[in-house]
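Trainee: To be precise about what I am sending: the file is called work_3.cif and holds mmCIF, C-alpha atoms.
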data_data
loop_
_atom_site.label_atom_id
_atom_site.label_comp_id
_atom_site.auth_asym_id
_atom_site.auth_seq_id
_atom_site.Cartn_x
_atom_site.Cartn_y
_atom_site.Cartn_z
CA MET A 1 122.96 83.30 38.24
CA ASP A 2 123.54 83.98 41.94
CA ALA A 3 126.84 85.35 43.25
CA GLN A 4 128.09 82.07 44.69
CA THR A 5 127.44 80.18 41.43
CA ILE A 6 129.28 82.83 39.39
CA ILE A 7 132.29 82.59 41.69
CA ALA A 8 132.34 78.78 41.83
CA LYS A 9 131.89 78.39 38.04
CA ARG A 10 134.70 80.80 37.24
CA ILE A 11 137.15 79.20 39.68
CA ALA A 12 136.31 75.71 38.37
CA GLN A 13 137.90 76.80 35.06
CA GLU A 14 141.25 77.19 36.82
CA LEU A 15 141.42 73.49 37.72
CA LYS A 16 143.12 71.12 35.27
CA SER A 17 143.37 67.34 35.12
CA GLY A 18 145.93 65.82 37.48
CA MET A 19 146.00 68.75 39.91
CA LEU A 20 145.94 68.21 43.67
CA VAL A 21 143.37 70.68 44.99
CA ASN A 22 142.27 71.65 48.50
CA LEU A 23 138.91 73.42 48.84
CA GLY A 24 137.96 75.37 51.96
CA ILE A 25 134.47 75.45 53.41
CA GLY A 26 131.66 77.67 52.10
CA ILE A 27 131.78 78.94 48.50
CA PRO A 28 135.07 77.08 47.80
CA THR A 29 133.33 73.72 48.38
CA LYS A 30 130.88 74.57 45.57
CA VAL A 31 133.71 74.76 43.02
CA ALA A 32 133.64 70.94 42.85
CA ASN A 33 130.11 71.08 41.38
CA PHE A 34 131.23 72.94 38.24
CA ILE A 35 134.28 71.02 37.06
CA PRO A 36 133.82 69.69 33.51
CA LYS A 37 133.35 65.89 33.32
CA ASP A 38 136.60 65.38 31.37
CA VAL A 39 138.70 67.20 33.97
CA LYS A 40 139.89 64.82 36.70
CA VAL A 41 141.43 66.51 39.72
CA PHE A 42 142.41 65.02 43.08
CA PHE A 43 140.67 66.70 46.00
CA GLN A 44 142.46 66.65 49.34
CA SER A 45 140.71 66.76 52.70
CA GLU A 46 143.35 67.87 55.18
CA ASN A 47 142.13 65.36 57.79
CA GLY A 48 143.95 62.76 55.70
CA LEU A 49 142.37 61.93 52.34
CA ILE A 50 143.19 62.42 48.67
CA GLY A 51 140.39 61.45 46.30
CA THR A 52 137.53 62.95 48.29
CA GLY A 53 134.24 62.24 46.54
CA PRO A 54 130.73 63.64 46.87
CA ILE A 55 128.39 63.24 49.85
CA PRO A 56 127.39 59.55 50.16
CA GLU A 57 123.95 58.31 49.25
CA GLU A 58 121.61 57.75 52.16
CA GLY A 59 122.67 54.72 54.18
CA MET A 60 126.11 54.57 52.52
CA ALA A 61 128.07 56.82 54.89
CA HIS A 62 130.96 55.38 56.91
CA PRO A 63 131.60 56.94 60.35
CA LEU A 64 135.38 56.90 59.75
CA LEU A 65 135.25 58.63 56.34
CA THR A 66 134.69 62.34 56.71
CA ASP A 67 135.86 65.70 55.40
CA ALA A 68 137.73 68.32 57.43
CA GLY A 69 134.42 69.56 58.84
CA GLY A 70 133.61 66.07 60.15
CA ASN A 71 130.88 65.52 57.55
CA PRO A 72 130.51 62.16 55.73
CA VAL A 73 132.13 61.97 52.29
CA THR A 74 132.94 59.22 49.82
CA ALA A 75 136.34 58.23 48.45
CA LEU A 76 136.77 57.93 44.69
CA PRO A 77 138.63 55.06 42.98
CA GLY A 78 142.35 55.73 43.42
CA ALA A 79 141.87 57.51 46.75
CA SER A 80 144.50 57.35 49.47
CA THR A 81 144.49 58.01 53.22
CA PHE A 82 147.33 59.17 55.46
CA ASP A 83 148.08 60.82 58.79
CA SER A 84 148.06 64.54 59.56
CA ALA A 85 151.86 64.93 59.34
CA MET A 86 151.73 63.63 55.75
CA SER A 87 148.67 65.75 55.02
CA PHE A 88 150.37 68.96 56.12
CA GLY A 89 153.64 67.90 54.55
CA LEU A 90 151.70 67.86 51.29
CA ILE A 91 150.27 71.30 52.05
CA ARG A 92 153.35 73.06 53.41
CA GLY A 93 155.71 71.27 51.06
CA GLY A 94 154.20 72.79 47.93
CA HIS A 95 152.58 69.58 46.68
CA VAL A 96 149.08 71.07 46.59
CA ASP A 97 148.64 72.77 43.21
CA VAL A 98 145.70 74.97 44.11
CA THR A 99 143.88 75.88 47.28
CA VAL A 100 140.58 77.75 47.15
CA LEU A 101 139.67 79.57 50.35
CA GLY A 102 137.25 82.18 51.64
CA ALA A 103 138.30 85.60 52.94
CA LEU A 104 137.30 88.25 55.43
CA GLN A 105 139.66 90.84 53.92
CA VAL A 106 142.27 91.00 51.15
CA ASP A 107 144.57 93.99 50.80
CA GLY A 108 145.89 95.66 47.65
CA SER A 109 149.07 93.61 47.70
CA GLY A 110 147.20 90.32 48.08
CA LEU A 111 147.70 89.77 51.80
CA LEU A 112 144.81 87.79 53.26
CA ALA A 113 142.91 87.85 56.55
CA ASN A 114 140.53 84.92 56.88
CA TRP A 115 140.79 83.30 60.26
CA MET A 116 139.62 85.54 63.08
CA ILE A 117 137.78 88.67 64.14
CA PRO A 118 139.31 89.73 67.48
CA GLY A 119 136.70 89.77 70.24
CA LYS A 120 134.03 88.25 68.00
CA MET A 121 135.10 85.11 66.22
CA VAL A 122 138.08 83.10 67.47
CA PRO A 123 137.69 79.66 65.91
CA GLY A 124 141.40 78.93 65.45
CA MET A 125 143.27 78.93 62.18
CA GLY A 126 142.98 75.18 61.56
CA GLY A 127 144.84 74.53 58.31
CA ALA A 128 144.41 77.99 56.76
CA MET A 129 147.85 79.38 57.61
CA ASP A 130 149.63 76.29 56.26
CA LEU A 131 147.54 76.25 53.08
CA VAL A 132 148.19 79.90 52.24
CA THR A 133 151.87 79.61 53.11
CA GLY A 134 152.51 76.38 51.23
CA ALA A 135 150.13 75.80 48.31
CA LYS A 136 151.52 76.48 44.83
CA ARG A 137 148.57 78.74 43.99
CA VAL A 138 146.10 80.42 46.33
CA ILE A 139 142.72 81.45 44.92
CA ILE A 140 140.22 83.36 47.04
CA ALA A 141 136.49 82.87 46.52
CA MET A 142 134.42 85.60 48.12
CA GLN A 143 131.56 88.02 47.67
CA HIS A 144 133.00 91.37 46.66
CA THR A 145 131.51 93.30 49.58
CA ALA A 146 130.07 92.50 53.02
CA LYS A 147 127.03 94.50 54.11
CA GLY A 148 127.87 97.02 51.37
CA LYS A 149 131.45 97.51 52.60
CA PRO A 150 134.46 96.57 50.44
CA LYS A 151 136.33 93.43 51.53
CA ILE A 152 139.25 94.36 49.31
CA VAL A 153 140.97 97.02 51.38
CA GLU A 154 144.07 99.18 51.30
CA SER A 155 145.49 97.40 54.32
CA CYS A 156 143.94 94.54 56.34
CA THR A 157 142.68 95.57 59.77
CA LEU A 158 142.07 91.92 60.77
CA PRO A 159 144.92 89.54 61.69
CA LEU A 160 146.75 88.19 58.64
CA THR A 161 146.73 84.53 57.67
CA SER A 162 150.17 84.52 56.06
CA ALA A 163 152.94 86.79 54.83
CA ARG A 164 152.49 85.13 51.44
CA PRO A 165 150.14 87.07 49.12
CA ILE A 166 147.31 85.29 47.32
CA ASP A 167 147.52 84.77 43.55
CA MET A 168 143.97 85.36 42.41
CA LEU A 169 140.64 86.55 43.77
CA VAL A 170 137.27 85.74 42.22
CA SER A 171 134.12 87.55 43.31
CA GLU A 172 130.75 87.92 41.60
CA MET A 173 132.02 91.27 40.29
CA ALA A 174 135.61 90.61 39.28
CA VAL A 175 138.64 88.46 38.70
CA ILE A 176 141.66 90.16 40.26
CA THR A 177 145.23 88.88 40.15
CA PHE A 178 148.03 89.86 42.51
CA LYS A 179 151.53 90.04 41.15
CA ASP A 180 154.52 92.09 42.30
CA GLY A 181 152.41 93.63 45.07
CA LYS A 182 149.79 95.02 42.68
CA ALA A 183 146.10 94.18 42.25
CA THR A 184 145.10 93.98 38.58
CA LEU A 185 141.50 93.78 37.40
CA GLN A 186 141.53 90.98 34.81
CA GLU A 187 137.83 90.32 34.22
CA THR A 188 134.49 91.72 35.30
CA GLY A 189 131.42 89.77 36.41
CA PRO A 190 128.31 89.38 34.23
CA GLY A 191 126.83 92.85 33.50
CA VAL A 192 129.37 94.59 35.75
CA THR A 193 131.52 97.50 34.55
CA ALA A 194 135.12 98.18 35.58
CA GLU A 195 133.92 101.45 37.15
CA GLN A 196 131.51 99.53 39.38
CA VAL A 197 134.32 97.22 40.49
CA VAL A 198 136.57 100.19 41.30
CA ALA A 199 133.74 101.80 43.29
CA ALA A 200 133.23 98.59 45.32
CA THR A 201 136.97 98.15 46.01
CA ALA A 202 138.90 100.09 48.66
CA ALA A 203 142.35 99.17 47.29
CA LYS A 204 144.07 100.59 44.23
CA LEU A 205 143.35 98.50 41.13
CA VAL A 206 145.49 98.39 38.01
CA LEU A 207 143.15 98.59 34.99
CA PRO A 208 144.52 97.04 31.76
CA GLU A 209 143.31 98.43 28.43
CA LYS A 210 141.03 95.48 27.82
CA ILE A 211 139.03 93.96 30.67
CA PRO A 212 136.81 91.19 29.31
CA GLU A 213 133.71 89.81 31.01
CA MET A 214 134.19 86.48 32.82
CA PRO A 215 133.61 83.49 30.55
CA LEU A 216 130.99 81.39 32.36
CA MET B 1 152.31 45.68 76.04
CA LYS B 2 149.62 44.91 78.60
CA THR B 3 145.93 44.47 78.04
CA ILE B 4 143.80 46.37 80.52
CA SER B 5 140.22 47.52 81.11
CA GLU B 6 139.44 51.16 80.40
CA ALA B 7 138.66 51.70 84.09
CA ASP B 8 142.09 50.43 85.19
CA ALA B 9 143.82 52.35 82.41
CA VAL B 10 142.21 55.67 83.28
CA ALA B 11 142.90 55.05 86.98
CA LEU B 12 146.60 55.39 86.07
CA ILE B 13 146.02 58.97 84.87
CA PRO B 14 146.36 61.56 87.67
CA ASP B 15 144.46 64.86 87.87
CA GLY B 16 146.44 67.59 86.13
CA ALA B 17 147.92 65.22 83.53
CA THR B 18 148.77 66.30 79.98
CA LEU B 19 146.98 64.11 77.45
CA MET B 20 147.36 63.84 73.71
CA ILE B 21 144.10 62.56 72.28
CA GLY B 22 143.79 61.39 68.67
CA GLY B 23 140.92 62.33 66.39
CA PHE B 24 139.66 64.99 64.04
CA MET B 25 136.22 66.36 64.86
CA GLY B 26 135.66 63.21 66.93
CA VAL B 27 136.59 60.83 64.10
CA GLY B 28 139.38 58.58 65.35
CA THR B 29 139.00 59.57 69.02
CA PRO B 30 139.14 56.73 71.60
CA GLU B 31 135.61 57.37 72.80
CA ARG B 32 135.66 54.71 75.55
CA LEU B 33 138.70 56.27 77.22
CA VAL B 34 137.10 59.70 77.01
CA ASP B 35 133.90 58.37 78.59
CA GLU B 36 135.93 56.78 81.38
CA LEU B 37 137.82 60.05 82.04
CA VAL B 38 134.43 61.68 82.53
CA ARG B 39 133.14 58.81 84.71
CA GLN B 40 136.20 58.98 86.96
CA GLY B 41 136.07 62.80 86.94
CA LYS B 42 139.75 63.41 86.15
CA ARG B 43 140.25 67.14 86.61
CA ASN B 44 142.53 69.97 85.60
CA LEU B 45 143.63 68.21 82.40
CA THR B 46 145.75 69.68 79.64
CA ILE B 47 144.53 68.37 76.29
CA ILE B 48 146.65 68.38 73.15
CA ALA B 49 144.47 67.56 70.15
CA ASN B 50 143.55 68.88 66.74
CA ASP B 51 140.19 70.21 67.96
CA THR B 52 137.61 69.81 70.72
CA ALA B 53 135.00 68.20 68.42
CA LEU B 54 131.41 69.08 69.29
CA PRO B 55 129.53 69.19 72.60
CA GLY B 56 128.64 65.60 73.51
CA ARG B 57 131.17 64.08 71.13
CA GLY B 58 134.79 62.96 71.60
CA ILE B 59 136.92 65.55 73.42
CA GLY B 60 133.80 67.73 73.62
CA LYS B 61 132.61 65.47 76.46
CA LEU B 62 135.65 66.44 78.57
CA VAL B 63 134.88 70.11 77.93
CA ASP B 64 131.19 69.61 78.80
CA ALA B 65 132.23 68.04 82.13
CA ASN B 66 134.56 70.98 82.98
CA LEU B 67 137.58 68.69 83.22
CA VAL B 68 139.91 70.68 80.96
CA ALA B 69 142.14 73.47 82.32
CA ARG B 70 144.05 74.00 79.10
CA THR B 71 143.60 73.06 75.45
CA ILE B 72 146.32 73.12 72.82
CA ALA B 73 144.56 72.77 69.45
CA SER B 74 144.32 74.14 65.92
CA HIS B 75 140.57 74.70 65.81
CA ILE B 76 137.76 75.11 68.34
CA GLY B 77 135.27 76.85 66.04
CA LEU B 78 132.73 74.03 65.98
CA ASN B 79 132.52 73.71 69.76
CA PRO B 80 130.68 76.70 71.28
CA GLU B 81 131.20 75.30 74.80
CA THR B 82 135.00 75.49 74.41
CA GLN B 83 134.69 79.09 73.23
CA LYS B 84 132.41 79.90 76.16
CA GLN B 85 134.86 78.48 78.73
CA MET B 86 137.76 80.24 76.99
CA ILE B 87 136.00 83.63 77.03
CA ALA B 88 134.93 83.10 80.67
CA GLY B 89 138.58 82.43 81.58
CA LYS B 90 137.79 78.90 82.81
CA MET B 91 139.98 77.24 80.20
CA ALA B 92 143.21 78.41 78.61
CA VAL B 93 143.33 77.78 74.87
CA ASP B 94 146.49 77.86 72.75
CA LEU B 95 145.61 77.97 69.06
CA ILE B 96 148.29 76.62 66.76
CA PRO B 97 148.31 76.18 62.97
CA GLN B 98 147.37 72.58 62.26
CA GLY B 99 150.51 71.77 60.31
CA THR B 100 152.65 73.26 63.07
CA LEU B 101 150.76 71.38 65.78
CA ILE B 102 151.24 67.98 64.14
CA GLU B 103 154.92 68.68 63.42
CA ARG B 104 155.55 69.78 67.02
CA ILE B 105 154.03 66.50 68.17
CA ARG B 106 156.02 64.55 65.57
CA ALA B 107 159.20 66.29 66.74
CA GLY B 108 158.36 65.37 70.34
CA GLY B 109 158.04 61.73 69.37
CA CYS B 110 161.14 61.65 67.18
CA GLY B 111 163.69 63.10 69.59
CA LEU B 112 163.83 66.52 67.94
CA GLY B 113 163.85 69.78 69.87
CA GLY B 114 161.35 71.28 67.48
CA VAL B 115 160.82 72.22 63.85
CA LEU B 116 161.44 75.20 61.56
CA THR B 117 158.31 76.25 59.68
CA PRO B 118 157.45 79.21 57.46
CA THR B 119 153.82 78.99 58.61
CA GLY B 120 152.97 81.89 60.90
CA ILE B 121 155.75 84.24 59.76
CA GLY B 122 154.29 87.75 59.46
CA THR B 123 151.24 86.88 61.58
CA VAL B 124 150.34 86.96 65.28
CA VAL B 125 151.65 83.38 65.53
CA GLU B 126 155.25 84.63 65.37
CA GLU B 127 154.92 86.77 68.52
CA GLY B 128 157.49 85.80 71.14
CA LYS B 129 159.10 83.13 68.95
CA GLN B 130 162.64 82.79 67.72
CA LYS B 131 163.14 83.28 63.97
CA VAL B 132 165.94 81.84 61.91
CA GLU B 133 166.95 82.21 58.28
CA VAL B 134 167.97 79.11 56.34
CA ASN B 135 168.98 79.34 52.68
CA GLY B 136 167.49 82.82 52.46
CA ARG B 137 164.05 81.93 53.82
CA LYS B 138 162.68 82.89 57.24
CA TYR B 139 161.31 80.25 59.60
CA LEU B 140 159.78 80.15 63.06
CA VAL B 141 161.34 77.87 65.66
CA GLU B 142 158.45 75.79 67.00
CA ALA B 143 159.32 73.68 70.05
CA ALA B 144 158.53 69.98 70.33
CA LEU B 145 155.44 68.87 72.26
CA ARG B 146 155.20 65.83 74.51
CA ALA B 147 152.54 64.49 76.85
CA ASP B 148 152.22 62.26 79.89
CA PHE B 149 149.72 60.00 78.11
CA ALA B 150 148.62 59.50 74.52
CA LEU B 151 145.07 58.18 74.10
CA ILE B 152 144.93 56.55 70.71
CA ASN B 153 142.24 55.04 68.52
CA ALA B 154 143.11 52.35 65.97
CA PHE B 155 140.95 50.31 63.63
CA MET B 156 142.82 47.06 64.24
CA ALA B 157 145.27 45.97 66.91
CA ASP B 158 146.79 42.51 66.95
CA TYR B 159 147.51 40.60 70.18
CA LEU B 160 151.01 42.11 70.30
CA GLY B 161 149.85 45.70 69.79
CA ASN B 162 150.66 46.27 66.11
CA LEU B 163 148.18 48.87 64.85
CA ALA B 164 146.42 49.66 61.58
CA TYR B 165 144.06 52.54 60.97
CA ALA B 166 141.00 53.08 58.76
CA LEU B 167 140.13 55.89 56.35
CA THR B 168 140.20 59.37 57.89
CA SER B 169 140.37 58.12 61.50
CA ARG B 170 144.17 57.87 61.25
CA ASN B 171 144.81 61.65 61.48
CA PHE B 172 146.83 62.49 64.65
CA ASN B 173 146.87 58.95 66.11
CA PRO B 174 150.08 57.40 64.69
CA VAL B 175 152.01 60.62 65.39
CA MET B 176 150.79 61.05 68.99
CA VAL B 177 151.48 57.42 69.86
CA MET B 178 155.19 58.25 69.68
CA ALA B 179 155.09 61.47 71.72
CA ALA B 180 153.93 60.44 75.21
CA GLU B 181 155.46 58.71 78.23
CA THR B 182 152.60 56.19 78.30
CA THR B 183 150.34 55.13 75.43
CA MET B 184 146.84 53.69 75.71
CA VAL B 185 145.09 52.31 72.64
CA CYS B 186 141.45 51.54 71.92
CA ALA B 187 141.00 49.39 68.82
CA GLU B 188 137.73 48.71 67.04
CA HIS B 189 138.94 45.18 66.28
CA ILE B 190 141.49 43.10 68.21
CA VAL B 191 142.80 40.43 65.86
CA PRO B 192 145.31 37.54 65.82
CA VAL B 193 148.96 38.26 65.15
CA GLY B 194 149.65 38.05 61.42
CA LEU B 195 146.27 39.35 60.34
CA ILE B 196 147.82 42.79 59.93
CA ALA B 197 150.54 42.09 57.38
CA PRO B 198 153.95 43.62 58.18
CA ASP B 199 153.60 46.03 55.26
CA HIS B 200 150.24 47.22 56.62
CA VAL B 201 151.32 47.86 60.20
CA ILE B 202 151.35 51.65 60.66
CA THR B 203 152.27 51.68 64.37
CA PRO B 204 154.70 48.93 65.45
CA ALA B 205 153.80 47.01 68.62
CA PRO B 206 156.63 48.27 70.87
CA LEU B 207 155.06 51.74 70.85
CA VAL B 208 151.92 50.51 72.62
CA ASP B 209 151.96 50.28 76.44
CA TYR B 210 148.32 49.43 77.10
CA LEU B 211 145.72 47.92 74.80
CA ILE B 212 142.21 48.46 76.14
CA ARG B 213 140.27 45.19 76.30
CA ASN B 214 137.08 45.04 74.29
CA ARG B 215 133.93 44.34 76.22
#
Could I get this structure in the form of structure tokens?

Mentor:
Amino acid sequence: MDAQTIIAKRIAQELKSGMLVNLGIGIPTKVANFIPKDVKVFFQSENGLIGTGPIPEEGMAHPLLTDAGGNPVTALPGASTFDSAMSFGLIRGGHVDVTVLGALQVDGSGLLANWMIPGKMVPGMGGAMDLVTGAKRVIIAMQHTAKGKPKIVESCTLPLTSARPIDMLVSEMAVITFKDGKATLQETGPGVTAEQVVAATAAKLVLPEKIPEMPL
Amino acid sequence: MKTISEADAVALIPDGATLMIGGFMGVGTPERLVDELVRQGKRNLTIIANDTALPGRGIGKLVDANLVARTIASHIGLNPETQKQMIAGKMAVDLIPQGTLIERIRAGGCGLGGVLTPTGIGTVVEEGKQKVEVNGRKYLVEAALRADFALINAFMADYLGNLAYALTSRNFNPVMVMAAETTMVCAEHIVPVGLIAPDHVITPAPLVDYLIRNR
């Protein structure tokens, strides 16, 4: 199983029927592919849609029905549309149960940097700052390292997305939760040892007595 | 409300004007008004919008034609031309969290001086801004935004100017239509009064100054 599939499959288990969920672009989008058939969640696109469905069949796209990246989507039965003030009221107001986002860096206390690299990449924060500040639960989906370097660091060197720490991080190597300013290794990836996770992480990890392998 | 051609409508917009333009990645942007701004070569514009779409699409066309002096947006990552002009110092870009941007516009249209938001606290967004504490939580004071003109796209407009929107093209449109001195609306369908039922009117007619005639 490749890294992205491991991450998406594990995060899919966190979603329960009835939840309002906002998925970011990249690996987070793939989470939708691994939700069990009997689990019915509402996906929000922050451009103004709840009930976002899969990519339309050829010839069935509508130019006025897109996701936040401007790509054609479908709307599932029971979908609703609204303006951007409502959409971000939902996000900032704590009505979104879970948001799954990517990351450039996460520090040992769960603070996240995921929106810019000064001098290199300045795309704008879009909805990221509101999502991290307002969603009930923030889950980060990311590869554990980038070009061999840890992305989980003692202290973020890139600009922060929010003062609010994330709740959970899932990589191909580990599930880490952040509570009371501490990073705790909860699970390891398939065939990965806790020692390997520690070696690939530049922040201090709390290691419980039992660290099971991710159920996938 | 007056009906007007896009050429006459855009002729009312001076160089250097501040424009709010609806749309999200080009979806829900009044494309005919944008094309006319390019045709008439309106310069030195300040654009308030969610994003600058893509080169060749929506607000991206204004960027391509070098008509924009300043952009106030939440995201420009999908338009390399905007980034190029920003880095070259040809265009000023203010990046604002999307939820803050829409609320600043909403405040501008609703007679509020601004909004208090927790978004941006503890980040670079808070630099130079007033902070207040309400019920033990810290907020940034984000000032209201207004514009000279709002360029709006609706799905349906009736003969009086009542508006309804479709799917994800609603986005910033019904919020911006309240926040400008003058509003100009392109509608995909212009329909008889009554066809949009009162319960389905999202923007009431008195908010619309100019409805662009279909060709």

Trainee: To one decimal in Å, tell me the separation between CA of Ile47 in chain B and CA of Gly111 in chain B.

Mentor: 21.0 Å

Trainee: So that I can see what lies close to range 150-161 of chain B, please list as a compact mmCIF listing (two decimals) with C-alpha atoms, in the frame of the given file the residues with an atom at most 7 Å from it, counting all atoms listed in the file and leaving out residues fewer than 5 positions away in the same chain.

Mentor:
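selection_29.txt, written as the output of this step:
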# COMPACT_ATOMS: atom_id res chain seq x y z
CA MET B 1 152.31 45.68 76.04
CA LEU B 19 146.98 64.11 77.45
CA MET B 20 147.36 63.84 73.71
CA ILE B 21 144.10 62.56 72.28
CA GLY B 22 143.79 61.39 68.67
CA GLY B 28 139.38 58.58 65.35
CA THR B 29 139.00 59.57 69.02
CA PRO B 30 139.14 56.73 71.60
CA ALA B 166 141.00 53.08 58.76
CA ASN B 173 146.87 58.95 66.11
CA MET B 176 150.79 61.05 68.99
CA VAL B 177 151.48 57.42 69.86
CA ALA B 180 153.93 60.44 75.21
CA THR B 182 152.60 56.19 78.30
CA THR B 183 150.34 55.13 75.43
CA MET B 184 146.84 53.69 75.71
CA VAL B 185 145.09 52.31 72.64
CA CYS B 186 141.45 51.54 71.92
CA ALA B 187 141.00 49.39 68.82
CA GLU B 188 137.73 48.71 67.04
CA HIS B 189 138.94 45.18 66.28
CA ILE B 190 141.49 43.10 68.21
CA VAL B 191 142.80 40.43 65.86
CA PRO B 192 145.31 37.54 65.82
CA VAL B 193 148.96 38.26 65.15
CA ALA B 205 153.80 47.01 68.62
CA VAL B 208 151.92 50.51 72.62
CA LEU B 211 145.72 47.92 74.80

Trainee: Show me, as a list in words, every residue of chain A with an atom at most 6 Å from chain B, counting all atoms listed in the file.

Mentor: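 For chain A, the answer reads Asn47, Gly48, Leu64, Leu65, Gly70, Thr81, Asp83, Ser84, Ala85, Phe88, Pro123, Gly124, Met125, Gly126, Gly127, Asp130, Thr133, Leu160 and Ala163 of chain A.
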
Trainee: Could you list, as a ChimeraX atom specification, every residue matched by the PyMOL selection byres ((chain A and resi 164) around 12) in this structure?

Mentor: /A:106-107,109-113,129-138,160-163,165-167,178-181 /B:118-123,138

Trainee: Between CA of Leu195 in chain B and CA of Thr3 in chain B, what is the distance, to one decimal in Å?

Mentor: 18.4 Å

Trainee: Between CA of Pro198 in chain B and CA of Gly93 in chain A, what is the spacing in Å?

Mentor: 28.6 Å

Trainee: Apply the PyMOL selection byres ((chain A and resi 37) around 12) to the displayed file and report the matching residues as a PDB file with C-alpha atoms, in the coordinates of the input.

Mentor:
ATOM      1  CA  ALA A  12     136.310  75.710  38.370  1.00  0.00           C
ATOM      2  CA  GLN A  13     137.900  76.800  35.060  1.00  0.00           C
ATOM      3  CA  LEU A  15     141.420  73.490  37.720  1.00  0.00           C
ATOM      4  CA  LYS A  16     143.120  71.120  35.270  1.00  0.00           C
ATOM      5  CA  SER A  17     143.370  67.340  35.120  1.00  0.00           C
ATOM      6  CA  ALA A  32     133.640  70.940  42.850  1.00  0.00           C
ATOM      7  CA  ASN A  33     130.110  71.080  41.380  1.00  0.00           C
ATOM      8  CA  PHE A  34     131.230  72.940  38.240  1.00  0.00           C
ATOM      9  CA  ILE A  35     134.280  71.020  37.060  1.00  0.00           C
ATOM     10  CA  PRO A  36     133.820  69.690  33.510  1.00  0.00           C
ATOM     11  CA  ASP A  38     136.600  65.380  31.370  1.00  0.00           C
ATOM     12  CA  VAL A  39     138.700  67.200  33.970  1.00  0.00           C
ATOM     13  CA  LYS A  40     139.890  64.820  36.700  1.00  0.00           C
ATOM     14  CA  VAL A  41     141.430  66.510  39.720  1.00  0.00           C
TER      15      VAL A  41
END

Trainee: Could you state which residues are captured by the PyMOL selection byres ((chain B and resi 33) around 8) in this file, as a PyMOL selection string?

Mentor: chain B and resi 6+10+30-32+34-37+151+186

Trainee: Point out the residue among A:Met168, A:Leu20, A:Met60, A:Val197 with the least atom-to-atom distance to Ala183 in chain A, counting only C-alpha atoms.

Mentor: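 Closest candidate: A:Met168.
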
Trainee: Which polymer residues have any atom within 12 Å of an atom of Ala146 in chain A, counting only C-alpha atoms, with same-chain residues fewer than 6 positions away left out, as a list in words?

Mentor: Ala103, Leu104, Gln105, Ile152, Val153, Ser171, Ala200 and Thr201 of chain A

Trainee: How big is the axis-aligned box around all listed atoms of range 4-8 of chain B once 6 Å goes on each side, and where's its centre, in Å to one decimal, as JSON?

Mentor:
{"center_x": 141.2, "center_y": 49.0, "center_z": 82.8, "size_x": 17.1, "size_y": 17.3, "size_z": 16.8}
